[in-house]
Every structure is written in C-alpha cells, then in structure tokens.
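Down below is the structure, laid out as structure tokens.
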Amino acid sequence: MVVQDTFYSDPAKWMARELPDEPVFFYDPERLTRMARRFIDGFPGEVTYAVKANPDPVVIEALSRAGLQAFDVASPEEMALVRDVDPKARLHYHNPVRSKAEVAAARAFGVVSWSVDRMSELEKLGDIEGAEIAVRLKLPVAGAVYDFGTKFGAAPEKAVALLRAVKDRGGVPSITFHPGTQCRDAQAWVAYIAASARIAAEAGVTLHRLNVGGGFPAHRNDPEPDLEVIFDAIRDAVRASFGDDAPALVCEPGRAMVAEAFELALQVKAICDGAVFLNDGIYGGLSEWRDLSPSQRLTAYAQDGTRRDGETVANTVFGPTCDSLDRLSDQVSLPEDLAEGDYLLFHACGAYSTALVTRFNGYGARKIVTLMR
Ligand SMILES: *Cc1c(COP(=O)(O)O)cnc(C)c1O
C-alpha cells in the first residue's frame, strides 16, 4: 500500500480537493486505538489480534502501541511481520494445518501457542513438552455469516482424544474455537464455552487457557452490534460452566478490531440504465462482498463534497474489470441523484479489504490516506 504522507480530517473534503480517479482508503488511527481499548477494557481476558484481517504494518504498530502483546498468526510471513514491529510479541500459531517447513520456521520464531485439530498434525509437531497446545473445537452452532467449522476443528469426541494426547505427551492443554466470522449471536460463544467445559472434564484435563476466537461482529449493517453484550455473555458463561476452576481467557478478534478504522472511497465511472460502474470491486477492496451481504454503511458525495441524499433505489453495481463476475450485487441502495464522477464512501472497510486487493486487469485499491481528526 502507498501511504500518503499528508493528513486530512475529512474524507469528503480530501476528495473534493483531489478528485481522485483511483480508489482511496482512508485510515483513522484514533478509531483503531479506541477499538483496541474497547476490547482491552471490556473483554475478560487477554486480547490478541488475528493478523490476517489487516496485516498492514501501520495497523500492527498501532495495536502494539495500544497495548496488545500477542498476535494470532497463520504463516511464517505473518510471524515476521509482527516481530518486525514488536520483537517481543508473543505469537499464537493458530493455523492447525502446517507443513514441516512451517513448523520448523515457527519454532525458530519461538511461537508460544499452537492449535491442533487432528492427531496427524499433533504428531507432526514432534516434541511438545511444555508447549501450549490449543485443541481447536468445532460445534454445529449458528450465528455467523459463514461457518468456520467446515474447514478446521475437531468434533467433541475427537477433541477429548486430542486433549488426552496433549497431556500424555507433556504439552500444556488449552481449547480454542472460532464461532464463525461476523457472528452477531452471543449464544454461539456460550454454547462453545459450555461444550469446552464438558470436553475438558471428560478428558480429565484442567485447561490452561480457553481461547474464544474471533468472530466478533463489525458494524456493517444496522443495528450496531453491542460488543459489551458479547463480552458479558462470555464472562457469565465461563463462570457458569467452569465455576472456580475457570481457565484464563484469550480472544483473537480480526474483523471487529480493524473494520471501523478504514473507509474506502470509490468513484462512479459511469451510470447507465440502473447499472453503476465503480473504479474498484470484488477483485479489489470489496472482495468480501462475494460472500457477505452488501453493507448498508456508505455515503455518496458529489465532486464538490456535498452529500447526495436523494431517495435510495436498488442498483446493480459493477467493478472496473472486464470480468462479468465483477459485480457487487443487485441490492446496493444508492441515492437516485447519484451521478457520474461522484464518490461512494464505504465505511467499516478495514477488515479483509486491503488484505485481499488484487491487481487483476490493472485495477485494485492501493492508496491509503491517513486521517488526523
Ligand atoms: C480469521 C481468524 C480469526 C479472526 O476472525 P474474525 O472473524 O475476523 O474476528 C481469529 N482466529 C483464527 C484462528 C482465525 O483463523
């Protein structure tokens, strides 16, 4: 990403002055710091950050400055990225499938926690004496926009066997899970916490830690999610399920931590017969729109910076490439007075956005303007 070194307080003013014809991300470090504080103050345990949601070094730096000391990483490259920013950061390697070369690289980085969801991958780790091994649990629970259990996770019976194997081999047993991304339902965490207590009891192990994953929802659509309701439900569920024997808690938010910190400004290249063509799309900063419902959080501006606030109508919205799949959806509500040359400012674009931009067909958002409020 190209980080612009000038600082502006207001994206609409910046666009009116610069009239960019390329996509622009606006990064708000203060908002990121506020969200980090909200997690640190509200979550009843250690807050880590899932690097994949937005691996930009400016993000890792801001989170480290805000007080995060551990990061969820999935690859040696993410480990290097984190260590470049904070040489003392603790690394949780929670990608449960790894090549032998990746295991060796992770050992060299001094990873402190590993997740496993199958015996063959536990065996691949070799000597685990004294290492924290978090068994990745999966349950058939609903609540998220898509199910993270289809790829990773051990069903309860297998989790029991894995916990026993970790203990037998001298590892430090923990449980980890991920309820699925953009999960609005606190009951998903409650169900996982209750199951974790049952599974640990059945395996005859005392859990060192319980990692309740990511999945915390961003404000993509109204109503705004209430993170504190989820934090409280987690706190209560741990007390109810484990009593006095409660393990220390860890969470690893990705999306909810970074979403609000970035906005994405796109220009309307053309409007014709109800079709709107933008200068970025699913191969760029809006790649998640293939799998998630369209976000309603966007503001339209004319070139002079005034808001377009006409009645909204449903539009078919296309990205800039010549691929006919490069289409956002038929249900993007846009003001009926939207015109060619206008800008659409998409809010809450900090997660799975900058990280997924391609250069397909010569497009893709690259520029970041840092905001100072
Ligand atoms: C992706 C991921 C996260 C972050 O998930 P969000 O839904 O972005 O919060 C956390 N933990 C693991 C293991 C992940 O793979």
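In the structure tokens, chains take letters A, B, ... by order of appearance, with residues numbered from 1 within each chain and ligands from 1 in the order shown.
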
Contact table chain A vs ligand 1, cut-off 10 Å, shortest pair per residue, only C-alpha atoms and all ligand atoms, as a Markdown table:
```
| residue | atom | partner | partner_atom_place_in_ligand_line | distance |
| --- | --- | --- | --- | --- |
| A:Thr48 | CA | ligand 1 | 10 (C) | 9.0 |
| A:Tyr49 | CA | ligand 1 | 10 (C) | 7.5 |
| A:Ala50 | CA | ligand 1 | 4 (C) | 4.9 |
| A:Val51 | CA | ligand 1 | 4 (C) | 7.8 |
| A:Lys52 | CA | ligand 1 | 1 (C) | 6.3 |
| A:Ala53 | CA | ligand 1 | 8 (O) | 5.6 |
| A:Asn54 | CA | ligand 1 | 8 (O) | 9.1 |
| A:Phe71 | CA | ligand 1 | 11 (N) | 9.7 |
| A:Asp72 | CA | ligand 1 | 11 (N) | 6.5 |
| A:Val73 | CA | ligand 1 | 13 (C) | 8.0 |
| A:Ala74 | CA | ligand 1 | 15 (O) | 7.4 |
| A:His92 | CA | ligand 1 | 13 (C) | 9.1 |
| A:Tyr93 | CA | ligand 1 | 13 (C) | 8.3 |
| A:His94 | CA | ligand 1 | 13 (C) | 5.0 |
| A:Asn95 | CA | ligand 1 | 13 (C) | 6.1 |
| A:Pro96 | CA | ligand 1 | 13 (C) | 8.3 |
| A:Ser115 | CA | ligand 1 | 13 (C) | 8.4 |
| A:Arg136 | CA | ligand 1 | 13 (C) | 8.7 |
| A:Ala144 | CA | ligand 1 | 7 (O) | 8.8 |
| A:Val145 | CA | ligand 1 | 7 (O) | 9.5 |
| A:Tyr146 | CA | ligand 1 | 7 (O) | 9.7 |
| A:Phe148 | CA | ligand 1 | 15 (O) | 8.3 |
| A:Phe152 | CA | ligand 1 | 15 (O) | 9.0 |
| A:Thr176 | CA | ligand 1 | 13 (C) | 8.2 |
| A:Phe177 | CA | ligand 1 | 13 (C) | 7.5 |
| A:His178 | CA | ligand 1 | 11 (N) | 6.2 |
| A:Pro179 | CA | ligand 1 | 7 (O) | 8.2 |
| A:Gly180 | CA | ligand 1 | 7 (O) | 6.1 |
| A:Thr181 | CA | ligand 1 | 7 (O) | 3.4 |
| A:Gln182 | CA | ligand 1 | 7 (O) | 5.7 |
| A:Cys183 | CA | ligand 1 | 7 (O) | 7.6 |
| A:Asn211 | CA | ligand 1 | 11 (N) | 9.0 |
| A:Val212 | CA | ligand 1 | 11 (N) | 8.7 |
| A:Gly213 | CA | ligand 1 | 11 (N) | 5.0 |
| A:Gly214 | CA | ligand 1 | 9 (O) | 3.5 |
| A:Gly215 | CA | ligand 1 | 7 (O) | 3.5 |
| A:Phe216 | CA | ligand 1 | 9 (O) | 5.3 |
| A:Pro217 | CA | ligand 1 | 9 (O) | 7.4 |
| A:Ala218 | CA | ligand 1 | 9 (O) | 8.9 |
| A:Cys251 | CA | ligand 1 | 10 (C) | 7.9 |
| A:Glu252 | CA | ligand 1 | 10 (C) | 4.9 |
| A:Pro253 | CA | ligand 1 | 9 (O) | 3.9 |
| A:Gly254 | CA | ligand 1 | 8 (O) | 3.5 |
| A:Arg255 | CA | ligand 1 | 8 (O) | 3.7 |
| A:Ala256 | CA | ligand 1 | 9 (O) | 6.0 |
| A:Met257 | CA | ligand 1 | 9 (O) | 7.6 |
| A:Val258 | CA | ligand 1 | 8 (O) | 8.8 |
| A:Ala259 | CA | ligand 1 | 8 (O) | 9.2 |
| A:Ala351 | CA | ligand 1 | 8 (O) | 7.1 |
| A:Tyr352 | CA | ligand 1 | 8 (O) | 7.8 |
```

Please identify all polymer residues within 9 Å of A:Asn279, counting only C-alpha atoms, omitting same-chain residues fewer than 6 positions from it, and present them as a PyMOL selection string.
-> chain A and resi 21-23+266-269+318-321+363-365

Compile the contact shell of A:Leu163 as a short mmCIF file (atom, residue, chain, number, x, y, z; two decimals) with all heavy atoms, in the first residue's frame: residues with an atom at most 12 Å away, counting only C-alpha atoms, same-chain residues fewer than 3 positions apart removed.
```cif
data_model
loop_
_atom_site.label_atom_id
_atom_site.label_comp_id
_atom_site.auth_asym_id
_atom_site.auth_seq_id
_atom_site.Cartn_x
_atom_site.Cartn_y
_atom_site.Cartn_z
N SER A 115 -2.25 -24.43 17.68
CA SER A 115 -3.55 -25.10 17.71
C SER A 115 -3.46 -26.38 16.89
O SER A 115 -2.69 -26.47 15.92
CB SER A 115 -4.66 -24.20 17.18
OG SER A 115 -4.63 -24.15 15.78
N VAL A 116 -4.22 -27.40 17.33
CA VAL A 116 -4.31 -28.65 16.55
C VAL A 116 -5.77 -29.09 16.48
O VAL A 116 -6.56 -28.83 17.39
CB VAL A 116 -3.48 -29.82 17.16
CG1 VAL A 116 -2.00 -29.50 17.16
CG2 VAL A 116 -3.98 -30.19 18.52
N ASP A 117 -6.13 -29.73 15.39
CA ASP A 117 -7.49 -30.26 15.29
C ASP A 117 -7.51 -31.70 14.77
O ASP A 117 -8.55 -32.24 14.48
CB ASP A 117 -8.37 -29.36 14.41
CG ASP A 117 -7.93 -29.34 12.96
OD1 ASP A 117 -6.87 -29.89 12.63
OD2 ASP A 117 -8.68 -28.77 12.14
N ARG A 118 -6.33 -32.32 14.63
CA ARG A 118 -6.27 -33.73 14.21
C ARG A 118 -4.96 -34.34 14.69
O ARG A 118 -3.94 -33.65 14.82
CB ARG A 118 -6.43 -33.85 12.69
CG ARG A 118 -5.37 -33.15 11.88
CD ARG A 118 -5.86 -32.84 10.46
NE ARG A 118 -6.74 -31.68 10.48
CZ ARG A 118 -7.59 -31.37 9.51
NH1 ARG A 118 -7.71 -32.13 8.45
NH2 ARG A 118 -8.36 -30.30 9.59
N MET A 119 -5.05 -35.64 14.93
CA MET A 119 -3.91 -36.34 15.54
C MET A 119 -2.68 -36.27 14.65
O MET A 119 -1.57 -36.12 15.15
CB MET A 119 -4.32 -37.81 15.77
CG MET A 119 -3.63 -38.47 16.92
SD MET A 119 -3.91 -37.65 18.52
CE MET A 119 -5.42 -38.46 19.06
N LEU A 122 -0.87 -33.16 15.27
CA LEU A 122 -0.22 -33.17 16.59
C LEU A 122 1.09 -33.95 16.50
O LEU A 122 2.14 -33.51 16.99
CB LEU A 122 -1.15 -33.79 17.64
CG LEU A 122 -0.57 -33.88 19.07
CD1 LEU A 122 -0.25 -32.50 19.61
CD2 LEU A 122 -1.52 -34.62 20.01
N GLU A 132 2.23 -24.85 24.90
CA GLU A 132 0.77 -24.77 24.93
C GLU A 132 0.21 -25.30 23.62
O GLU A 132 0.56 -24.80 22.54
CB GLU A 132 0.29 -23.34 25.15
CG GLU A 132 -1.25 -23.28 25.17
CD GLU A 132 -1.83 -21.87 25.34
OE1 GLU A 132 -1.23 -20.90 24.84
OE2 GLU A 132 -2.89 -21.77 25.98
N ILE A 133 -0.67 -26.29 23.72
CA ILE A 133 -1.34 -26.82 22.53
C ILE A 133 -2.84 -26.62 22.73
O ILE A 133 -3.44 -27.18 23.64
CB ILE A 133 -1.06 -28.34 22.35
CG1 ILE A 133 0.44 -28.65 22.41
CG2 ILE A 133 -1.71 -28.83 21.05
CD1 ILE A 133 1.24 -28.16 21.23
N ALA A 134 -3.42 -25.78 21.87
CA ALA A 134 -4.84 -25.48 21.99
C ALA A 134 -5.60 -26.35 20.99
O ALA A 134 -5.40 -26.26 19.79
CB ALA A 134 -5.09 -24.00 21.70
N VAL A 135 -6.45 -27.21 21.52
CA VAL A 135 -7.25 -28.08 20.65
C VAL A 135 -8.40 -27.26 20.06
O VAL A 135 -9.17 -26.63 20.78
CB VAL A 135 -7.79 -29.29 21.46
CG1 VAL A 135 -8.78 -30.10 20.63
CG2 VAL A 135 -6.62 -30.17 21.92
N ARG A 136 -8.45 -27.25 18.75
CA ARG A 136 -9.47 -26.45 18.05
C ARG A 136 -10.76 -27.25 17.95
O ARG A 136 -10.83 -28.27 17.27
CB ARG A 136 -8.95 -26.06 16.66
CG ARG A 136 -9.97 -25.45 15.72
CD ARG A 136 -10.05 -23.95 15.85
NE ARG A 136 -10.94 -23.42 14.82
CZ ARG A 136 -10.53 -22.68 13.78
NH1 ARG A 136 -9.26 -22.38 13.65
NH2 ARG A 136 -11.40 -22.22 12.90
N LEU A 137 -11.77 -26.74 18.63
CA LEU A 137 -13.06 -27.43 18.72
C LEU A 137 -14.02 -26.90 17.67
O LEU A 137 -14.02 -25.70 17.38
CB LEU A 137 -13.62 -27.16 20.13
CG LEU A 137 -15.03 -27.63 20.45
CD1 LEU A 137 -15.13 -29.14 20.41
CD2 LEU A 137 -15.45 -27.10 21.83
N ALA A 154 -12.03 -29.96 15.56
CA ALA A 154 -12.30 -31.34 15.93
C ALA A 154 -13.67 -31.39 16.60
O ALA A 154 -13.98 -30.56 17.45
CB ALA A 154 -11.23 -31.84 16.89
N PRO A 156 -16.50 -32.84 19.22
CA PRO A 156 -16.24 -33.08 20.65
C PRO A 156 -15.50 -34.37 20.99
O PRO A 156 -14.54 -34.35 21.77
CB PRO A 156 -17.64 -33.04 21.26
CG PRO A 156 -18.37 -32.05 20.39
CD PRO A 156 -17.84 -32.27 19.00
N GLU A 157 -15.90 -35.50 20.41
CA GLU A 157 -15.23 -36.76 20.76
C GLU A 157 -13.75 -36.74 20.40
O GLU A 157 -12.90 -37.19 21.17
CB GLU A 157 -15.87 -37.90 19.97
CG GLU A 157 -16.63 -38.88 20.84
CD GLU A 157 -17.40 -39.84 19.96
OE1 GLU A 157 -16.76 -40.53 19.15
OE2 GLU A 157 -18.64 -39.86 20.09
N LYS A 158 -13.46 -36.21 19.22
CA LYS A 158 -12.06 -36.12 18.79
C LYS A 158 -11.29 -35.13 19.65
O LYS A 158 -10.10 -35.31 19.92
CB LYS A 158 -11.97 -35.68 17.33
CG LYS A 158 -12.30 -36.80 16.38
CD LYS A 158 -11.78 -36.49 14.98
CE LYS A 158 -12.00 -37.70 14.08
NZ LYS A 158 -12.36 -37.33 12.73
N ALA A 159 -11.98 -34.06 20.07
CA ALA A 159 -11.32 -33.07 20.92
C ALA A 159 -10.91 -33.70 22.25
O ALA A 159 -9.82 -33.41 22.78
CB ALA A 159 -12.24 -31.87 21.14
N VAL A 160 -11.75 -34.57 22.79
CA VAL A 160 -11.42 -35.27 24.04
C VAL A 160 -10.14 -36.08 23.85
O VAL A 160 -9.19 -35.99 24.65
CB VAL A 160 -12.59 -36.20 24.48
CG1 VAL A 160 -12.15 -37.14 25.60
CG2 VAL A 160 -13.80 -35.38 24.91
N VAL A 166 -2.43 -34.59 24.18
CA VAL A 166 -1.57 -33.44 24.51
C VAL A 166 -1.00 -33.62 25.92
O VAL A 166 0.20 -33.44 26.15
CB VAL A 166 -2.36 -32.11 24.41
CG1 VAL A 166 -1.59 -30.96 25.01
CG2 VAL A 166 -2.73 -31.82 22.96
N LYS A 167 -1.89 -34.00 26.85
CA LYS A 167 -1.45 -34.17 28.25
C LYS A 167 -0.43 -35.31 28.35
O LYS A 167 0.62 -35.15 28.98
CB LYS A 167 -2.68 -34.47 29.11
CG LYS A 167 -2.42 -34.38 30.58
CD LYS A 167 -3.70 -34.65 31.35
CE LYS A 167 -3.41 -35.06 32.78
NZ LYS A 167 -4.59 -35.70 33.39
N ASP A 168 -0.72 -36.43 27.69
CA ASP A 168 0.19 -37.59 27.74
C ASP A 168 1.58 -37.24 27.23
O ASP A 168 2.57 -37.83 27.67
CB ASP A 168 -0.35 -38.75 26.89
CG ASP A 168 -1.58 -39.37 27.52
OD1 ASP A 168 -1.85 -39.05 28.71
OD2 ASP A 168 -2.27 -40.15 26.84
N ARG A 169 1.63 -36.35 26.27
CA ARG A 169 2.94 -36.01 25.68
C ARG A 169 3.63 -34.84 26.37
O ARG A 169 4.62 -34.31 25.86
CB ARG A 169 2.74 -35.66 24.20
CG ARG A 169 2.36 -36.87 23.37
CD ARG A 169 1.76 -36.50 22.03
NE ARG A 169 1.06 -37.68 21.52
CZ ARG A 169 1.09 -38.10 20.27
NH1 ARG A 169 1.76 -37.41 19.37
NH2 ARG A 169 0.44 -39.17 19.90
N GLY A 170 3.07 -34.42 27.47
CA GLY A 170 3.75 -33.37 28.23
C GLY A 170 3.45 -31.96 27.76
O GLY A 170 4.09 -30.99 28.16
N GLY A 171 2.43 -31.80 26.87
CA GLY A 171 2.04 -30.47 26.41
C GLY A 171 1.13 -29.79 27.44
O GLY A 171 0.65 -30.42 28.37
N VAL A 172 0.91 -28.51 27.26
CA VAL A 172 0.03 -27.74 28.14
C VAL A 172 -1.31 -27.58 27.43
O VAL A 172 -1.40 -26.88 26.43
CB VAL A 172 0.65 -26.35 28.44
CG1 VAL A 172 -0.28 -25.53 29.31
CG2 VAL A 172 2.02 -26.51 29.09
N PRO A 173 -2.36 -28.26 27.91
CA PRO A 173 -3.60 -28.32 27.14
C PRO A 173 -4.49 -27.08 27.29
O PRO A 173 -4.77 -26.61 28.39
CB PRO A 173 -4.32 -29.55 27.69
CG PRO A 173 -3.76 -29.75 29.06
CD PRO A 173 -2.41 -29.12 29.11
N SER A 174 -4.94 -26.56 26.16
CA SER A 174 -5.92 -25.48 26.12
C SER A 174 -6.97 -25.86 25.09
O SER A 174 -6.80 -26.83 24.35
CB SER A 174 -5.27 -24.16 25.72
OG SER A 174 -4.40 -23.69 26.73
N ILE A 175 -8.05 -25.09 25.05
CA ILE A 175 -9.05 -25.27 23.97
C ILE A 175 -9.18 -23.94 23.25
O ILE A 175 -9.10 -22.87 23.86
CB ILE A 175 -10.42 -25.74 24.51
CG1 ILE A 175 -10.34 -27.21 24.96
CG2 ILE A 175 -11.52 -25.58 23.46
CD1 ILE A 175 -11.66 -27.79 25.48
N THR A 176 -9.36 -24.02 21.94
CA THR A 176 -9.65 -22.83 21.15
C THR A 176 -10.80 -23.14 20.20
O THR A 176 -11.04 -24.30 19.85
CB THR A 176 -8.40 -22.33 20.39
OG1 THR A 176 -8.70 -21.09 19.75
CG2 THR A 176 -7.95 -23.34 19.33
N SER A 196 -16.81 -26.70 25.89
CA SER A 196 -15.39 -26.79 26.26
C SER A 196 -15.23 -27.32 27.68
O SER A 196 -14.34 -28.15 27.95
CB SER A 196 -14.72 -25.41 26.16
OG SER A 196 -14.78 -24.93 24.84
N ILE A 199 -15.98 -31.08 27.65
CA ILE A 199 -14.93 -31.84 26.96
C ILE A 199 -13.67 -31.94 27.83
O ILE A 199 -13.06 -33.01 27.94
CB ILE A 199 -14.64 -31.18 25.60
CG1 ILE A 199 -15.80 -31.48 24.66
CG2 ILE A 199 -13.32 -31.64 25.01
CD1 ILE A 199 -15.86 -30.57 23.44
N ALA A 200 -13.32 -30.85 28.48
CA ALA A 200 -12.14 -30.87 29.37
C ALA A 200 -12.38 -31.86 30.52
O ALA A 200 -11.48 -32.63 30.88
CB ALA A 200 -11.85 -29.48 29.89
N ALA A 201 -13.58 -31.84 31.09
CA ALA A 201 -13.90 -32.74 32.20
C ALA A 201 -13.83 -34.19 31.72
O ALA A 201 -13.24 -35.05 32.39
CB ALA A 201 -15.29 -32.41 32.76
N GLU A 202 -14.39 -34.46 30.56
CA GLU A 202 -14.38 -35.83 30.05
C GLU A 202 -12.95 -36.31 29.77
O GLU A 202 -12.63 -37.48 29.98
CB GLU A 202 -15.23 -35.90 28.77
CG GLU A 202 -15.63 -37.33 28.45
CD GLU A 202 -16.47 -37.40 27.18
OE1 GLU A 202 -17.25 -36.45 26.94
OE2 GLU A 202 -16.33 -38.39 26.45
N ALA A 203 -12.11 -35.40 29.31
CA ALA A 203 -10.72 -35.77 29.02
C ALA A 203 -9.89 -35.87 30.30
O ALA A 203 -8.77 -36.38 30.28
CB ALA A 203 -10.09 -34.75 28.07
N GLY A 204 -10.43 -35.35 31.40
CA GLY A 204 -9.69 -35.37 32.66
C GLY A 204 -8.52 -34.40 32.68
O GLY A 204 -7.50 -34.65 33.30
N VAL A 205 -8.65 -33.26 31.97
CA VAL A 205 -7.57 -32.27 31.98
C VAL A 205 -8.09 -30.94 32.53
O VAL A 205 -9.27 -30.62 32.40
CB VAL A 205 -6.95 -32.01 30.58
CG1 VAL A 205 -6.46 -33.30 29.95
CG2 VAL A 205 -7.93 -31.30 29.66
N THR A 206 -7.21 -30.22 33.18
CA THR A 206 -7.50 -28.84 33.57
C THR A 206 -6.95 -27.95 32.47
O THR A 206 -5.77 -28.03 32.14
CB THR A 206 -6.81 -28.51 34.90
OG1 THR A 206 -7.25 -29.46 35.87
CG2 THR A 206 -7.17 -27.10 35.37
N LEU A 207 -7.82 -27.12 31.90
CA LEU A 207 -7.38 -26.27 30.80
C LEU A 207 -6.48 -25.16 31.31
O LEU A 207 -6.81 -24.50 32.30
CB LEU A 207 -8.58 -25.65 30.07
CG LEU A 207 -9.52 -26.59 29.35
CD1 LEU A 207 -10.63 -25.79 28.67
CD2 LEU A 207 -8.78 -27.46 28.33
N HIS A 208 -5.38 -24.95 30.60
CA HIS A 208 -4.52 -23.81 30.91
C HIS A 208 -5.23 -22.52 30.48
O HIS A 208 -5.36 -21.58 31.25
CB HIS A 208 -3.19 -24.00 30.16
CG HIS A 208 -2.26 -22.83 30.24
ND1 HIS A 208 -1.86 -22.29 31.43
CD2 HIS A 208 -1.66 -22.11 29.26
CE1 HIS A 208 -1.04 -21.28 31.19
NE2 HIS A 208 -0.91 -21.14 29.89
#
```

Minimum-distance residue to A:Ser329, chosen among A:Arg37, A:Arg290, A:Arg17, A:Arg65 (using only C-alpha atoms) = A:Arg290

Option closest in space to A:Gly305, from A:Val332, A:Val276, A:Gly341, A:Glu123 [counting only C-alpha atoms] |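 Comparing A:Val332, A:Val276, A:Gly341, A:Glu123 against A:Gly305, the winner is A:Gly341.
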
By how many Å are atom CA of A:Lys100 and atom CA of A:Ala161 apart?
->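 Computing it gives 22.9 Å between the two atoms.
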
Considering only C-alpha atoms, give me a table of residues in stretch 33-118 of chain A that are at most 10 Å from stretch 219-232 of chain A, with the closest atom pair and distance in Å for each, as CSV.
```
residue,atom,partner,partner_atom,distance
A:Arg38,CA,A:Glu228,CA,8.7
A:Phe39,CA,A:Leu227,CA,8.4
A:Asp41,CA,A:Glu228,CA,9.8
A:Gly42,CA,A:Glu228,CA,6.4
A:Phe43,CA,A:Phe231,CA,5.4
A:Pro44,CA,A:Phe231,CA,7.0
A:Gly45,CA,A:Phe231,CA,9.8
```
